[in-house]
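Visitor: For reference, the file entry37.cif (mmCIF, C-alpha atoms) is included below:
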```
data_my_file
loop_
_atom_site.label_atom_id
_atom_site.label_comp_id
_atom_site.auth_asym_id
_atom_site.auth_seq_id
_atom_site.Cartn_x
_atom_site.Cartn_y
_atom_site.Cartn_z
CA LEU A 170 -126.02 71.24 -91.85
CA ALA A 171 -122.53 72.19 -90.69
CA ILE A 172 -121.59 73.39 -94.18
CA LYS A 173 -124.70 75.56 -94.49
CA GLU A 174 -124.26 77.02 -91.03
CA LYS A 175 -120.65 77.94 -91.81
CA ALA A 176 -121.36 79.32 -95.29
CA LEU A 177 -124.69 81.06 -94.66
CA GLY A 178 -124.88 81.61 -90.92
CA PRO A 179 -126.88 79.75 -88.28
CA THR A 180 -130.11 81.70 -88.86
CA HIS A 181 -130.34 81.44 -92.64
CA PRO A 182 -133.62 79.98 -93.98
CA ALA A 183 -131.66 77.28 -95.82
CA VAL A 184 -130.41 76.10 -92.43
CA ALA A 185 -134.03 75.80 -91.30
CA ASN A 186 -134.76 73.59 -94.31
CA THR A 187 -131.90 71.25 -93.40
CA LEU A 188 -132.96 71.19 -89.75
CA ASN A 189 -136.44 70.23 -90.89
CA ASN A 190 -135.07 67.40 -93.04
CA LEU A 191 -132.94 66.07 -90.18
CA ALA A 192 -135.93 66.19 -87.86
CA LEU A 193 -137.97 64.18 -90.34
CA VAL A 194 -135.25 61.51 -90.39
CA HIS A 195 -135.47 61.26 -86.60
CA TYR A 196 -139.26 61.17 -86.78
CA HIS A 197 -139.33 58.31 -89.25
CA THR A 198 -136.83 56.33 -87.17
CA GLY A 199 -138.97 56.85 -84.07
CA ASP A 200 -136.68 59.27 -82.22
CA PHE A 201 -139.30 61.92 -81.50
CA ALA A 202 -137.32 63.49 -78.68
CA ALA A 203 -134.42 64.19 -81.06
CA ALA A 204 -136.74 65.59 -83.72
CA ARG A 205 -138.41 68.12 -81.44
CA PRO A 206 -135.51 70.59 -80.85
CA LEU A 207 -134.61 70.52 -84.55
CA HIS A 208 -138.15 71.46 -85.56
CA ALA A 209 -138.21 74.10 -82.81
CA ARG A 210 -135.03 75.69 -84.10
CA ALA A 211 -136.34 75.62 -87.68
CA LEU A 212 -139.51 77.37 -86.49
CA ALA A 213 -137.53 80.10 -84.75
CA ILE A 214 -135.42 80.74 -87.85
CA ARG A 215 -138.46 80.91 -90.12
CA GLU A 216 -140.33 83.26 -87.79
CA GLN A 217 -137.34 85.59 -87.74
CA ALA A 218 -136.80 85.42 -91.50
CA PHE A 219 -140.38 85.49 -92.79
CA GLY A 220 -142.61 86.74 -89.97
CA PRO A 221 -145.16 84.83 -87.86
CA ALA A 222 -147.80 84.37 -90.58
CA HIS A 223 -145.73 82.82 -93.38
CA PRO A 224 -146.77 79.38 -94.71
CA LEU A 225 -143.32 77.98 -93.87
CA VAL A 226 -143.94 79.00 -90.28
CA GLY A 227 -147.23 77.13 -90.53
CA ASP A 228 -145.37 74.07 -91.79
CA SER A 229 -143.00 74.21 -88.82
CA LEU A 230 -145.89 74.60 -86.39
CA VAL A 231 -147.55 71.52 -87.86
CA ASN A 232 -144.29 69.54 -87.74
CA LEU A 233 -143.87 70.40 -84.07
CA ALA A 234 -147.50 69.59 -83.32
CA VAL A 235 -147.07 66.13 -84.82
CA ILE A 236 -144.07 65.53 -82.55
CA ASP A 237 -145.90 66.93 -79.52
CA ARG A 238 -148.81 64.57 -80.22
CA ALA A 239 -146.52 61.57 -80.59
CA LEU A 240 -144.87 62.43 -77.27
CA GLY A 241 -148.24 62.72 -75.55
CA ASP A 242 -148.27 66.52 -75.20
CA ASP A 243 -151.69 67.17 -76.69
CA ARG A 244 -151.99 70.59 -75.08
CA ALA A 245 -148.90 71.87 -76.90
CA ALA A 246 -150.01 70.22 -80.14
CA ARG A 247 -153.44 71.83 -79.91
CA THR A 248 -151.91 75.28 -79.35
CA ARG A 249 -149.69 74.91 -82.41
CA TYR A 250 -152.52 73.68 -84.64
CA GLU A 251 -154.76 76.53 -83.51
CA ARG A 252 -152.01 78.99 -84.38
CA ALA A 253 -151.50 77.34 -87.79
CA ILE A 254 -155.17 77.56 -88.80
CA PRO A 255 -155.23 81.28 -89.73
CA ILE A 256 -151.91 80.93 -91.52
CA PHE A 257 -153.27 78.30 -93.88
CA ALA A 258 -156.74 79.86 -94.05
CA ALA A 259 -155.03 82.91 -95.57
CA LEU A 260 -154.08 80.69 -98.53
CA GLY A 261 -157.78 80.24 -99.26
CA PRO A 262 -160.77 78.67 -97.50
CA ASP A 263 -160.47 75.50 -99.57
CA HIS A 264 -156.72 74.95 -99.34
CA PRO A 265 -155.77 71.30 -98.66
CA ASP A 266 -153.18 72.31 -96.03
CA LEU A 267 -155.97 73.95 -94.03
CA ALA A 268 -157.92 70.69 -94.18
CA ASP A 269 -154.93 68.79 -92.81
CA VAL A 270 -154.62 71.11 -89.80
CA LEU A 271 -158.36 70.96 -89.10
CA ALA A 272 -158.31 67.16 -89.30
CA ASN A 273 -155.37 66.86 -86.93
CA LEU A 274 -156.86 69.29 -84.42
CA GLY A 275 -160.12 67.36 -84.61
CA SER A 276 -158.30 64.17 -83.65
CA ILE A 277 -156.93 65.87 -80.52
CA LEU A 278 -160.38 67.15 -79.55
CA ALA A 279 -161.83 63.68 -80.05
CA ASP A 280 -159.28 62.16 -77.69
CA ALA A 281 -160.13 64.91 -75.19
CA GLY A 282 -163.79 63.85 -75.33
CA ASP A 283 -165.14 66.88 -77.22
CA LEU A 284 -166.85 64.86 -79.94
CA PRO A 285 -169.13 67.66 -81.26
CA ALA A 286 -166.19 70.02 -81.84
CA ALA A 287 -164.13 67.19 -83.31
CA ARG A 288 -166.95 66.33 -85.72
CA ARG A 289 -167.31 69.93 -86.87
CA LEU A 290 -163.63 70.07 -87.75
CA ALA A 291 -163.64 66.64 -89.41
CA GLU A 292 -166.65 67.55 -91.54
CA GLN A 293 -165.04 70.85 -92.52
CA ALA A 294 -161.84 69.01 -93.50
CA LEU A 295 -163.85 66.51 -95.56
CA ALA A 296 -165.71 69.28 -97.40
CA ILE A 297 -162.46 71.08 -98.24
CA ARG A 298 -160.79 67.90 -99.47
CA GLU A 299 -163.73 66.86 -101.61
CA LYS A 300 -163.84 70.31 -103.22
CA ALA A 301 -160.08 70.80 -103.63
CA LEU A 302 -158.98 67.24 -104.42
CA GLY A 303 -162.05 65.41 -105.72
CA GLN A 304 -164.39 62.79 -104.28
CA ASP A 305 -162.00 59.89 -104.86
CA HIS A 306 -158.76 61.27 -103.44
CA PRO A 307 -156.97 59.34 -100.66
CA ARG A 308 -157.14 62.39 -98.39
CA VAL A 309 -160.93 62.20 -98.69
CA ALA A 310 -160.65 58.60 -97.50
CA ASP A 311 -158.62 59.84 -94.55
CA SER A 312 -161.42 62.26 -93.59
CA LEU A 313 -164.02 59.53 -93.94
CA ALA A 314 -161.98 57.29 -91.64
CA SER A 315 -161.72 60.09 -89.07
CA LEU A 316 -165.47 60.62 -89.14
CA ALA A 317 -165.98 56.87 -88.81
CA ILE A 318 -163.89 56.91 -85.63
CA LEU A 319 -166.13 59.65 -84.25
CA ASP A 320 -169.21 57.62 -85.22
CA ARG A 321 -167.81 54.59 -83.41
CA MET A 322 -166.94 56.62 -80.32
CA ALA A 323 -170.52 57.91 -80.28
CA GLY A 324 -171.92 54.40 -80.66
CA ASP A 325 -173.14 54.95 -84.23
CA LEU A 326 -171.64 51.77 -85.64
CA GLY A 327 -173.75 51.57 -88.81
CA PRO A 328 -172.72 54.99 -90.19
CA ALA A 329 -169.13 54.25 -89.17
CA ARG A 330 -169.08 51.12 -91.32
CA VAL A 331 -170.59 52.95 -94.30
CA ARG A 332 -167.87 55.60 -94.14
CA LEU A 333 -165.08 53.05 -93.73
CA GLU A 334 -166.31 50.99 -96.66
CA ARG A 335 -166.37 54.10 -98.87
CA ALA A 336 -162.88 55.00 -97.67
CA LEU A 337 -161.69 51.46 -98.38
CA ALA A 338 -163.01 51.61 -101.95
CA ILE A 339 -161.21 54.90 -102.55
CA VAL A 340 -157.90 53.64 -101.21
CA LEU A 341 -158.04 50.36 -103.11
CA ALA A 342 -158.76 52.16 -106.37
CA ALA A 343 -156.17 54.91 -105.84
CA LEU A 344 -153.35 53.15 -104.01
CA GLY A 345 -153.85 49.41 -104.38
CA PRO A 346 -154.27 46.53 -101.90
CA ASP A 347 -150.68 46.53 -100.62
CA HIS A 348 -150.54 50.16 -99.52
CA PRO A 349 -150.23 50.98 -95.78
CA GLU A 350 -153.39 53.08 -96.00
CA HIS A 351 -155.26 49.90 -96.87
CA ALA A 352 -153.80 48.31 -93.75
CA ARG A 353 -154.84 51.28 -91.63
CA LEU A 354 -158.42 51.03 -92.85
CA LEU A 355 -158.48 47.27 -92.28
CA ALA A 356 -157.43 47.96 -88.70
CA SER A 357 -160.18 50.57 -88.34
CA LEU A 358 -162.73 48.08 -89.63
CA ALA A 359 -161.38 45.49 -87.19
CA GLU A 360 -161.81 47.94 -84.33
CA LEU A 361 -165.40 48.39 -85.46
CA ASP A 362 -165.81 44.59 -85.58
CA LEU A 363 -164.61 44.43 -81.98
CA ALA A 364 -167.15 47.08 -80.98
CA GLU A 365 -169.82 44.90 -82.63
CA GLN A 366 -168.62 41.82 -80.72
CA ARG A 367 -167.31 40.11 -83.86
CA PRO A 368 -163.71 39.28 -82.93
CA ASP A 369 -163.34 36.46 -85.48
CA ARG A 370 -164.05 38.88 -88.31
CA ALA A 371 -161.65 41.36 -86.73
CA LEU A 372 -158.89 38.74 -86.70
CA THR A 373 -159.18 38.19 -90.44
CA GLY A 374 -158.75 41.88 -91.22
CA LEU A 375 -155.92 42.32 -88.74
CA GLU A 376 -153.91 39.41 -90.10
CA ARG A 377 -154.14 41.00 -93.55
CA ALA A 378 -153.24 44.43 -92.19
CA LEU A 379 -150.15 43.11 -90.41
CA ALA A 380 -149.02 41.32 -93.56
CA ILE A 381 -149.19 44.64 -95.41
CA TYR A 382 -147.33 46.47 -92.66
CA ALA A 383 -144.62 43.80 -92.61
CA ALA A 384 -143.69 44.80 -96.15
CA ASP A 385 -143.44 48.52 -95.28
CA PRO A 386 -141.37 49.33 -92.17
CA GLU A 387 -141.96 53.07 -92.64
CA VAL A 388 -145.27 53.04 -90.73
CA PRO A 389 -144.46 51.41 -87.35
CA ASP A 390 -147.18 53.25 -85.41
CA GLY A 391 -149.87 51.74 -87.60
CA GLU A 392 -148.40 48.29 -87.21
CA LEU A 393 -148.14 48.65 -83.44
CA HIS A 394 -151.77 49.73 -83.19
CA ALA A 395 -152.81 46.73 -85.30
CA ARG A 396 -150.81 44.43 -83.01
CA PHE A 397 -152.68 45.67 -79.97
CA LEU A 398 -156.00 45.22 -81.78
CA LEU A 399 -154.90 41.69 -82.65
CA ALA A 400 -154.26 41.01 -78.96
CA ARG A 401 -157.74 42.26 -78.12
CA ALA A 402 -159.34 40.18 -80.87
CA LEU A 403 -157.50 37.03 -79.80
CA ARG A 404 -158.63 37.44 -76.20
CA ALA A 405 -162.21 38.24 -77.19
CA SER A 406 -162.41 35.22 -79.50
CA GLY A 407 -160.91 32.81 -76.99
CA GLY A 408 -157.74 32.49 -79.02
CA ASP A 409 -154.22 31.68 -77.90
CA PRO A 410 -153.65 33.75 -74.71
CA ALA A 411 -149.88 33.55 -75.05
CA ARG A 412 -150.02 34.95 -78.58
CA ALA A 413 -152.44 37.66 -77.47
CA ARG A 414 -150.12 38.77 -74.66
CA ALA A 415 -147.06 38.64 -76.90
CA SER A 416 -148.79 40.83 -79.47
CA ALA A 417 -149.78 43.40 -76.84
CA LEU A 418 -146.24 43.41 -75.45
CA GLN A 419 -144.86 44.01 -78.95
CA ALA A 420 -147.17 46.99 -79.29
CA ARG A 421 -146.28 48.37 -75.85
CA ASP A 422 -142.53 47.91 -76.22
CA GLY A 423 -142.55 49.36 -79.72
CA LEU A 424 -144.38 52.48 -78.57
CA ARG A 425 -142.04 52.87 -75.60
CA ALA A 426 -139.04 52.61 -77.90
CA ARG A 427 -140.47 55.45 -79.98
CA SER A 428 -141.34 57.52 -76.86
CA SER A 429 -144.92 57.43 -78.15
CA THR A 430 -146.98 57.48 -74.96
CA ARG A 431 -150.53 58.21 -76.12
CA ARG A 432 -151.78 54.61 -76.29
CA LEU A 433 -149.63 53.15 -73.52
CA PRO A 434 -152.18 53.48 -70.66
CA GLU A 435 -154.76 51.51 -72.62
CA ILE A 436 -152.28 48.75 -73.42
CA ASP A 437 -150.97 48.60 -69.85
CA ALA A 438 -154.54 48.34 -68.53
CA TRP A 439 -155.29 45.51 -70.96
CA LEU A 440 -152.15 43.64 -69.94
CA ALA A 441 -153.02 44.04 -66.26
CA ALA A 442 -156.56 42.74 -66.71
CA PRO A 443 -157.27 39.03 -66.26
CA PRO A 444 -157.49 37.06 -69.55
#
```
Give the structure from the file, written as structure tokens.
Guide:
Amino acid sequence: LAIKEKALGPTHPAVANTLNNLALVHYHTGDFAAARPLHARALAIREQAFGPAHPLVGDSLVNLAVIDRALGDDRAARTRYERAIPIFAALGPDHPDLADVLANLGSILADAGDLPAARRLAEQALAIREKALGQDHPRVADSLASLAILDRMAGDLGPARVRLERALAIVLAALGPDHPEHARLLASLAELDLAEQRPDRALTGLERALAIYAADPEVPDGELHARFLLARALRASGGDPARARASALQARDGLRARSSTRRLPEIDAWLAAPP
């Protein structure tokens, strides 16, 4: 970065690329607060160099939105995603990058309780991905999993399971049984099992998911979520209360270390509740 700034100037687009790469390093090591100003500076450089509607500006908006979301600032993330939509829509109505933005915005709306709007965006993202990437692409599985979450939140557990099982088949065929996406879907199925009052079944899937995550330290958020689900399943099944609490504490402390606040209230409430 220092070499590029000295040779090209602090506002050169190549500097923005390096800032983006440094921010991604911070993101993957869990230092979201350090990543945010780097992405913000990259965005400012790209806006100045290319104008507000360039795809690279869209990329920077999405990168910042991801950080905002991780830090619990859903309002800022939503604003950035909404600004990015027309940028990527200009690349074509079936562009995969547009699907990604729609899917991410839908997740924010779901957490805000606007399930109908979230479903519209998730279904639009699924349609784009199926058309652009094919029925058996892992990104299609991602859309199916998002729709399954909406089904579960609405109490439609049967359709949720159908979608998750289709997503699972896609991921197993495309990525194999040891991929983190398999672990993520196992955790989603376990969450569905918990909603159906089947904690023993949830435990089986979560143990497998955590074994997969243990071999891939690059996806700590997924592992931490699975650890909290494990705590819930242990308590619901009458399992070891000490292990359940330890698993929840691991999830809470891991999220705090990453400054990832979105799930902390739920975990804190669970820890405060009587066993």
Visitor: Name the closest residue to A:Leu225 among the candidates A:Thr373, A:Thr198, A:Ser406, A:Asn189; distances are taken between atoms, counting all atoms listed in the file.
Guide: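 That would be A:Asn189, the residue with the smallest distance to A:Leu225.
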Visitor: Atom CA of A:Pro307 and atom CA of A:Ala329 are how many Å apart?
Guide: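 Separation between atom CA of A:Pro307 and atom CA of A:Ala329: 17.5 Å.
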Visitor: Which one of A:Pro349, A:Val184, A:Ala420, A:Asp325 sits closest to A:Ala384 if you count only C-alpha atoms?
Guide: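 Looking at the shortest contact to A:Ala384, the residue is A:Pro349.
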Visitor: Give me, as a ChimeraX atom specification, all polymer residues having an atom no more than 12 Å from A:Asp320, counting only C-alpha atoms and skipping those fewer than 4 positions away in the same chain.
Guide: /A:279,284-285,287-288,291,313-316,324-333,357,361,364
Visitor: What does the PyMOL selection byres ((chain A and resi 196) around 12) select in this file, as a PDB file with C-alpha atoms, in the frame of the given file?
Guide:
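What follows is the written file selection21.pdb:
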```pdb
ATOM      1  CA  ASN A 189    -136.440  70.230 -90.890  1.00  0.00           C
ATOM      2  CA  ASN A 190    -135.070  67.400 -93.040  1.00  0.00           C
ATOM      3  CA  LEU A 191    -132.940  66.070 -90.180  1.00  0.00           C
ATOM      4  CA  ALA A 192    -135.930  66.190 -87.860  1.00  0.00           C
ATOM      5  CA  LEU A 193    -137.970  64.180 -90.340  1.00  0.00           C
ATOM      6  CA  VAL A 194    -135.250  61.510 -90.390  1.00  0.00           C
ATOM      7  CA  HIS A 195    -135.470  61.260 -86.600  1.00  0.00           C
ATOM      8  CA  HIS A 197    -139.330  58.310 -89.250  1.00  0.00           C
ATOM      9  CA  THR A 198    -136.830  56.330 -87.170  1.00  0.00           C
ATOM     10  CA  GLY A 199    -138.970  56.850 -84.070  1.00  0.00           C
ATOM     11  CA  ASP A 200    -136.680  59.270 -82.220  1.00  0.00           C
ATOM     12  CA  PHE A 201    -139.300  61.920 -81.500  1.00  0.00           C
ATOM     13  CA  ALA A 202    -137.320  63.490 -78.680  1.00  0.00           C
ATOM     14  CA  ALA A 203    -134.420  64.190 -81.060  1.00  0.00           C
ATOM     15  CA  ALA A 204    -136.740  65.590 -83.720  1.00  0.00           C
ATOM     16  CA  ARG A 205    -138.410  68.120 -81.440  1.00  0.00           C
ATOM     17  CA  PRO A 206    -135.510  70.590 -80.850  1.00  0.00           C
ATOM     18  CA  LEU A 207    -134.610  70.520 -84.550  1.00  0.00           C
ATOM     19  CA  HIS A 208    -138.150  71.460 -85.560  1.00  0.00           C
ATOM     20  CA  ASN A 232    -144.290  69.540 -87.740  1.00  0.00           C
ATOM     21  CA  LEU A 233    -143.870  70.400 -84.070  1.00  0.00           C
ATOM     22  CA  VAL A 235    -147.070  66.130 -84.820  1.00  0.00           C
ATOM     23  CA  ILE A 236    -144.070  65.530 -82.550  1.00  0.00           C
ATOM     24  CA  ASP A 237    -145.900  66.930 -79.520  1.00  0.00           C
ATOM     25  CA  ALA A 239    -146.520  61.570 -80.590  1.00  0.00           C
ATOM     26  CA  LEU A 240    -144.870  62.430 -77.270  1.00  0.00           C
ATOM     27  CA  GLU A 387    -141.960  53.070 -92.640  1.00  0.00           C
ATOM     28  CA  VAL A 388    -145.270  53.040 -90.730  1.00  0.00           C
ATOM     29  CA  PRO A 389    -144.460  51.410 -87.350  1.00  0.00           C
ATOM     30  CA  ASP A 390    -147.180  53.250 -85.410  1.00  0.00           C
ATOM     31  CA  ARG A 427    -140.470  55.450 -79.980  1.00  0.00           C
ATOM     32  CA  SER A 428    -141.340  57.520 -76.860  1.00  0.00           C
ATOM     33  CA  SER A 429    -144.920  57.430 -78.150  1.00  0.00           C
TER      34      SER A 429
END
```
Visitor: Can you list, as a ChimeraX atom specification, every protein, DNA or RNA residue that comes within 10 Å of A:Arg353 when you count all atoms listed in the file, leaving out same-chain residues fewer than 5 positions away?
Guide: /A:311,314,337,348,358-359,375,378-379,381-382,388,391-392,394-395
Visitor: For this structure, which residues satisfy the selection - the PyMOL selection byres ((chain A and resi 444) around 8) - when it is evaluated on the file as given? I want them as an mmCIF file with C-alpha atoms, in the frame of the given file.
Guide:
```cif
data_model
loop_
_atom_site.group_PDB
_atom_site.id
_atom_site.type_symbol
_atom_site.label_atom_id
_atom_site.label_comp_id
_atom_site.auth_asym_id
_atom_site.auth_seq_id
_atom_site.Cartn_x
_atom_site.Cartn_y
_atom_site.Cartn_z
ATOM 1 C CA ARG A 404 -158.630 37.440 -76.200
ATOM 2 C CA PRO A 410 -153.650 33.750 -74.710
ATOM 3 C CA ALA A 442 -156.560 42.740 -66.710
ATOM 4 C CA PRO A 443 -157.270 39.030 -66.260
#
```
Visitor: Between A:Gly261, A:Gly241, A:Gly303, A:Gly282, which has the minimum distance to A:Pro434 (counting all atoms listed in the file)?
Guide: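 That would be A:Gly241, the residue with the smallest distance to A:Pro434.
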Visitor: Out of A:Pro265, A:Gly220, A:Pro182, A:Gly275, which residue has the shortest atom-to-atom distance to A:Ala296 when counting only C-alpha atoms?
Guide: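 Nearest to A:Ala296: A:Pro265.
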Visitor: Report, in Å with one decimal, the straight-line distance from atom CA of A:Leu399 to atom CA of A:Ala426.
Guide: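 Between atom CA of A:Leu399 and atom CA of A:Ala426 the gap works out to 19.8 Å.
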Visitor: Could you list the residues chosen by the PyMOL selection byres ((chain A and resi 218) around 12) in this structure as a PyMOL selection string?
Guide: chain A and resi 179-185+211-217+219-223+225-226
Visitor: Nearest residue to A:Arg244 out of A:Ile172, A:Ala272, A:Leu403, A:Ile277, using all atoms listed in the file?
Guide: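 Ranking A:Ile172, A:Ala272, A:Leu403, A:Ile277 by distance to A:Arg244, first place goes to A:Ile277.
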Visitor: Just to confirm, what's the straight-line distance from atom CA of A:Ala343 to atom CA of A:Ala310 in Å (one decimal)?
Guide: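 Interatomic distance, atom CA of A:Ala343 to atom CA of A:Ala310: 10.2 Å.
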Visitor: Which of these, A:Asp409, A:Asp242, A:Glu251, A:Asp385, has the shortest distance to A:Arg431 once you count all atoms listed in the file?
Guide: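 When distances to A:Arg431 are compared using all atoms listed in the file, the smallest one comes from A:Asp242.
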Visitor: For A:Val231, find every residue with an atom within 8 Å (counting all atoms listed in the file), except residues of its own chain fewer than 3 positions away, and show them as a list in words.
Guide: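 Residues meeting the cut-off are Gly227, Asp228, Ala234, Val235, Arg249, Tyr250, Ala253 and Val270 of chain A.
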Visitor: Some atoms are absent from stretch 186-205 of chain A, so rebuild N, CA, C and O atoms and return them as an mmCIF file, in the frame of the given file.
Guide:
```
data_model
loop_
_atom_site.group_PDB
_atom_site.id
_atom_site.type_symbol
_atom_site.label_atom_id
_atom_site.label_comp_id
_atom_site.auth_asym_id
_atom_site.auth_seq_id
_atom_site.Cartn_x
_atom_site.Cartn_y
_atom_site.Cartn_z
ATOM 1 N N ASN A 186 -134.332 74.696 -93.446
ATOM 2 C CA ASN A 186 -134.760 73.590 -94.310
ATOM 3 C C ASN A 186 -134.006 72.306 -93.963
ATOM 4 O O ASN A 186 -134.586 71.212 -93.900
ATOM 5 N N THR A 187 -132.702 72.432 -93.748
ATOM 6 C CA THR A 187 -131.900 71.250 -93.400
ATOM 7 C C THR A 187 -132.276 70.723 -92.020
ATOM 8 O O THR A 187 -132.349 69.510 -91.807
ATOM 9 N N LEU A 188 -132.509 71.620 -91.074
ATOM 10 C CA LEU A 188 -132.960 71.190 -89.750
ATOM 11 C C LEU A 188 -134.266 70.413 -89.850
ATOM 12 O O LEU A 188 -134.453 69.385 -89.188
ATOM 13 N N ASN A 189 -135.160 70.912 -90.694
ATOM 14 C CA ASN A 189 -136.440 70.230 -90.890
ATOM 15 C C ASN A 189 -136.228 68.829 -91.454
ATOM 16 O O ASN A 189 -136.842 67.856 -90.993
ATOM 17 N N ASN A 190 -135.340 68.714 -92.431
ATOM 18 C CA ASN A 190 -135.070 67.400 -93.040
ATOM 19 C C ASN A 190 -134.463 66.434 -92.022
ATOM 20 O O ASN A 190 -134.819 65.246 -91.990
ATOM 21 N N LEU A 191 -133.530 66.923 -91.205
ATOM 22 C CA LEU A 191 -132.940 66.070 -90.180
ATOM 23 C C LEU A 191 -133.989 65.623 -89.157
ATOM 24 O O LEU A 191 -133.996 64.464 -88.705
ATOM 25 N N ALA A 192 -134.875 66.534 -88.799
ATOM 26 C CA ALA A 192 -135.930 66.190 -87.860
ATOM 27 C C ALA A 192 -136.846 65.112 -88.427
ATOM 28 O O ALA A 192 -137.277 64.198 -87.704
ATOM 29 N N LEU A 193 -137.123 65.192 -89.718
ATOM 30 C CA LEU A 193 -137.970 64.180 -90.340
ATOM 31 C C LEU A 193 -137.302 62.806 -90.330
ATOM 32 O O LEU A 193 -137.970 61.783 -90.157
ATOM 33 N N VAL A 194 -135.975 62.785 -90.485
ATOM 34 C CA VAL A 194 -135.250 61.510 -90.390
ATOM 35 C C VAL A 194 -135.439 60.917 -89.001
ATOM 36 O O VAL A 194 -135.742 59.728 -88.838
ATOM 37 N N HIS A 195 -135.272 61.748 -87.971
ATOM 38 C CA HIS A 195 -135.470 61.260 -86.600
ATOM 39 C C HIS A 195 -136.903 60.800 -86.375
ATOM 40 O O HIS A 195 -137.142 59.786 -85.709
ATOM 41 N N TYR A 196 -137.853 61.549 -86.940
ATOM 42 C CA TYR A 196 -139.260 61.170 -86.780
ATOM 43 C C TYR A 196 -139.530 59.791 -87.363
ATOM 44 O O TYR A 196 -140.150 58.938 -86.734
ATOM 45 N N HIS A 197 -139.037 59.570 -88.573
ATOM 46 C CA HIS A 197 -139.330 58.310 -89.250
ATOM 47 C C HIS A 197 -138.565 57.130 -88.648
ATOM 48 O O HIS A 197 -138.943 55.977 -88.877
ATOM 49 N N THR A 198 -137.527 57.409 -87.887
ATOM 50 C CA THR A 198 -136.830 56.330 -87.170
ATOM 51 C C THR A 198 -137.335 56.199 -85.733
ATOM 52 O O THR A 198 -136.803 55.390 -84.968
ATOM 53 N N GLY A 199 -138.346 56.991 -85.377
ATOM 54 C CA GLY A 199 -138.970 56.850 -84.070
ATOM 55 C C GLY A 199 -138.327 57.644 -82.953
ATOM 56 O O GLY A 199 -138.737 57.510 -81.803
ATOM 57 N N ASP A 200 -137.350 58.491 -83.268
ATOM 58 C CA ASP A 200 -136.680 59.270 -82.220
ATOM 59 C C ASP A 200 -137.332 60.647 -82.145
ATOM 60 O O ASP A 200 -136.772 61.660 -82.574
ATOM 61 N N PHE A 201 -138.536 60.676 -81.553
ATOM 62 C CA PHE A 201 -139.300 61.920 -81.500
ATOM 63 C C PHE A 201 -138.615 62.978 -80.640
ATOM 64 O O PHE A 201 -138.673 64.171 -80.949
ATOM 65 N N ALA A 202 -137.985 62.538 -79.574
ATOM 66 C CA ALA A 202 -137.320 63.490 -78.680
ATOM 67 C C ALA A 202 -136.190 64.223 -79.394
ATOM 68 O O ALA A 202 -135.942 65.409 -79.134
ATOM 69 N N ALA A 203 -135.490 63.540 -80.296
ATOM 70 C CA ALA A 203 -134.420 64.190 -81.060
ATOM 71 C C ALA A 203 -134.988 65.104 -82.137
ATOM 72 O O ALA A 203 -134.365 66.115 -82.496
ATOM 73 N N ALA A 204 -136.140 64.773 -82.663
ATOM 74 C CA ALA A 204 -136.740 65.590 -83.720
ATOM 75 C C ALA A 204 -137.256 66.921 -83.196
ATOM 76 O O ALA A 204 -137.190 67.941 -83.897
ATOM 77 N N ARG A 205 -137.729 66.925 -81.972
ATOM 78 C CA ARG A 205 -138.410 68.120 -81.440
ATOM 79 C C ARG A 205 -137.527 69.363 -81.436
ATOM 80 O O ARG A 205 -137.940 70.423 -81.963
#
```
